[in-house]
Amino acid sequence: MENYSKARSVEQPSVCPFKLAADTPEVCVKDGSKIRNLLRFALSRIGAKPRATEAQEEAAHQALPLCRQLVLTASGKAVSKAITCAELLKRRVKGMHQLTELANSTVTDVWEPLEPDAGLDSLTVSRKLPAIWILLSKDPLDRQRPGYQAPGRFDGLWGQAVAAREDRGLWGAHKRKRGGGGGNRGRGRSRDLQAGS
């Protein structure tokens with residue numbers, strides 16, 4: 001491939017697997033998206049109370065109508081970021097039902113030869129990227145559908161994990177210091193001792 005350069009990439013996104021209302025917002029999570037910006041937009045559309053630092057951004061989004069559902073989509077490296085956003089939204093807005101679907105999106109890369117006179121043809125390479133669709137809803141969803149997660153409290157789960165760690169003695173375990181920062185250790189006698197000699 002040293003004789004080629006990438007001319008363009010075209011992503012053909014996967015089709016939405018959910019039947020949605022016309023006013024349902026779709027948040028497209030990209031690899032370079034900031035989680036705090038995605039959360040601000042999603043919370044403003046769902047109608048959650050903003051934090052004190054988000055009050056100014058909330059005033060800008062007041063003109064948008066509130067929604068009962070929200071869809072997060074991502075492909076490739078951004079899938080983990082979409083999952084993180086969905087989990088943070090479920091913690092901020094209690095009682096959210098979740099439906100998750102996995103899919104593939106196709107990316108077509110076109111490679112052009114560096115020297116057109118060399119007799120090389122352009123190359124077209126298609127590859128598949130994993131994609132995710134996460135539907136968050138304040139209204140109940142189909143419980144029989146694969147990928148459904150009911151709203152719930154996770155306090156009991158975390159309480160059990162903390163109790164198990166305390167039983168094993170992992171919370172109060174003494175940690176060994178690492179690295180330098182030992183002062184004059186290993187450099188001969190200290191100045192106080194040298195001055196007294």
# chains A, B, ... in the order shown; residues from 1 in each chain; ligands from 1
$ residues_around --residues "Ala7 (chain A)" --least-positions-apart "4" --cutoff "9 Å" --atoms "only C-alpha atoms" --output "PyMOL selection string"
chain A and resi 109-112
$ write_last_selection --atoms "N, CA and C atoms" --output "compact mmCIF listing (two decimals), in the first residue's frame"
# COMPACT_ATOMS: atom_id res chain seq x y z
N ASP A 109 -13.64 2.36 1.70
CA ASP A 109 -12.45 3.20 1.53
C ASP A 109 -12.00 3.13 0.08
N VAL A 110 -11.72 4.29 -0.51
CA VAL A 110 -11.21 4.36 -1.88
C VAL A 110 -9.75 4.82 -1.80
N TRP A 111 -8.87 4.01 -2.38
CA TRP A 111 -7.43 4.29 -2.40
C TRP A 111 -7.02 4.62 -3.82
N GLU A 112 -6.35 5.74 -4.00
CA GLU A 112 -5.87 6.19 -5.32
C GLU A 112 -4.35 6.00 -5.39
$ residues_around --residues "Pro140 (chain A)" --least-positions-apart "2" --cutoff "7 Å" --atoms "only C-alpha atoms" --output "list in words"
His97, Lys138 and Asp142 of chain A
$ write_last_selection --atoms "all heavy atoms" --output "short mmCIF file (atom, residue, chain, number, x, y, z; two decimals), in the first residue's frame"
data_model
loop_
_atom_site.label_atom_id
_atom_site.label_comp_id
_atom_site.auth_asym_id
_atom_site.auth_seq_id
_atom_site.Cartn_x
_atom_site.Cartn_y
_atom_site.Cartn_z
N HIS A 97 -36.16 2.80 30.93
CA HIS A 97 -36.11 1.48 30.32
C HIS A 97 -35.10 1.54 29.18
O HIS A 97 -35.00 2.56 28.50
CB HIS A 97 -37.48 1.07 29.79
CG HIS A 97 -38.52 0.96 30.86
ND1 HIS A 97 -38.85 -0.23 31.45
CD2 HIS A 97 -39.30 1.91 31.44
CE1 HIS A 97 -39.79 -0.03 32.34
NE2 HIS A 97 -40.10 1.27 32.36
N LYS A 138 -38.77 6.58 29.02
CA LYS A 138 -39.44 6.71 30.30
C LYS A 138 -40.66 5.80 30.36
O LYS A 138 -41.13 5.47 31.43
CB LYS A 138 -39.87 8.16 30.52
CG LYS A 138 -38.72 9.12 30.75
CD LYS A 138 -39.24 10.51 31.00
CE LYS A 138 -38.11 11.48 31.28
NZ LYS A 138 -38.61 12.84 31.50
N ASP A 142 -41.00 -3.37 25.38
CA ASP A 142 -41.29 -4.79 25.27
C ASP A 142 -40.26 -5.60 26.06
O ASP A 142 -39.09 -5.66 25.69
CB ASP A 142 -41.27 -5.20 23.79
CG ASP A 142 -41.64 -6.65 23.58
OD1 ASP A 142 -42.14 -7.28 24.54
OD2 ASP A 142 -41.44 -7.13 22.45
#
$ atom_distance --atom1 "CA of Gln144 (chain A)" --atom2 "CA of Leu88 (chain A)"
24.4 Å
$ residues_around --residues "Thr108 (chain A)" --least-positions-apart "4" --cutoff "12 Å" --atoms "only C-alpha atoms" --output "mmCIF file with N, CA and C atoms, in the first residue's frame"
data_model
loop_
_atom_site.group_PDB
_atom_site.id
_atom_site.type_symbol
_atom_site.label_atom_id
_atom_site.label_comp_id
_atom_site.auth_asym_id
_atom_site.auth_seq_id
_atom_site.Cartn_x
_atom_site.Cartn_y
_atom_site.Cartn_z
ATOM 1 N N LYS A 6 -5.111 7.162 0.712
ATOM 2 C CA LYS A 6 -6.561 7.065 0.870
ATOM 3 C C LYS A 6 -7.208 8.340 0.354
ATOM 4 N N ALA A 7 -8.110 8.196 -0.597
ATOM 5 C CA ALA A 7 -8.774 9.352 -1.189
ATOM 6 C C ALA A 7 -10.002 9.753 -0.382
ATOM 7 N N ARG A 8 -10.808 8.781 -0.002
ATOM 8 C CA ARG A 8 -12.024 9.106 0.763
ATOM 9 C C ARG A 8 -12.541 7.846 1.452
ATOM 10 N N SER A 9 -13.351 8.071 2.481
ATOM 11 C CA SER A 9 -14.051 7.008 3.195
ATOM 12 C C SER A 9 -15.517 7.373 3.266
ATOM 13 N N VAL A 10 -16.369 6.428 2.962
ATOM 14 C CA VAL A 10 -17.807 6.648 3.002
ATOM 15 C C VAL A 10 -18.415 5.600 3.923
ATOM 16 N N GLU A 11 -19.123 6.052 4.969
ATOM 17 C CA GLU A 11 -19.761 5.129 5.886
ATOM 18 C C GLU A 11 -21.243 5.031 5.560
ATOM 19 N N GLN A 12 -21.699 3.822 5.378
ATOM 20 C CA GLN A 12 -23.123 3.568 5.156
ATOM 21 C C GLN A 12 -23.698 3.100 6.482
ATOM 22 N N PRO A 13 -24.389 3.982 7.210
ATOM 23 C CA PRO A 13 -24.860 3.624 8.543
ATOM 24 C C PRO A 13 -25.921 2.531 8.493
ATOM 25 N N LEU A 123 -8.209 1.389 -5.804
ATOM 26 C CA LEU A 123 -8.722 0.259 -5.035
ATOM 27 C C LEU A 123 -9.923 0.694 -4.205
ATOM 28 N N THR A 124 -10.889 -0.181 -4.097
ATOM 29 C CA THR A 124 -12.045 0.047 -3.233
ATOM 30 C C THR A 124 -12.103 -1.092 -2.231
ATOM 31 N N VAL A 125 -12.048 -0.729 -0.932
ATOM 32 C CA VAL A 125 -12.032 -1.718 0.132
ATOM 33 C C VAL A 125 -13.250 -1.477 1.019
ATOM 34 N N SER A 126 -14.032 -2.535 1.245
ATOM 35 C CA SER A 126 -15.189 -2.440 2.143
ATOM 36 C C SER A 126 -14.866 -3.186 3.427
ATOM 37 N N ARG A 127 -15.246 -2.585 4.548
ATOM 38 C CA ARG A 127 -15.050 -3.238 5.840
ATOM 39 C C ARG A 127 -16.269 -2.992 6.706
ATOM 40 N N LYS A 128 -16.478 -3.879 7.645
ATOM 41 C CA LYS A 128 -17.635 -3.780 8.539
ATOM 42 C C LYS A 128 -17.170 -3.283 9.898
ATOM 43 N N LEU A 129 -17.958 -2.363 10.459
ATOM 44 C CA LEU A 129 -17.709 -1.848 11.801
ATOM 45 C C LEU A 129 -18.880 -2.235 12.699
#
$ atom_distance --atom1 "CA of Leu38 (chain A)" --atom2 "CA of Thr106 (chain A)"
24.3 Å
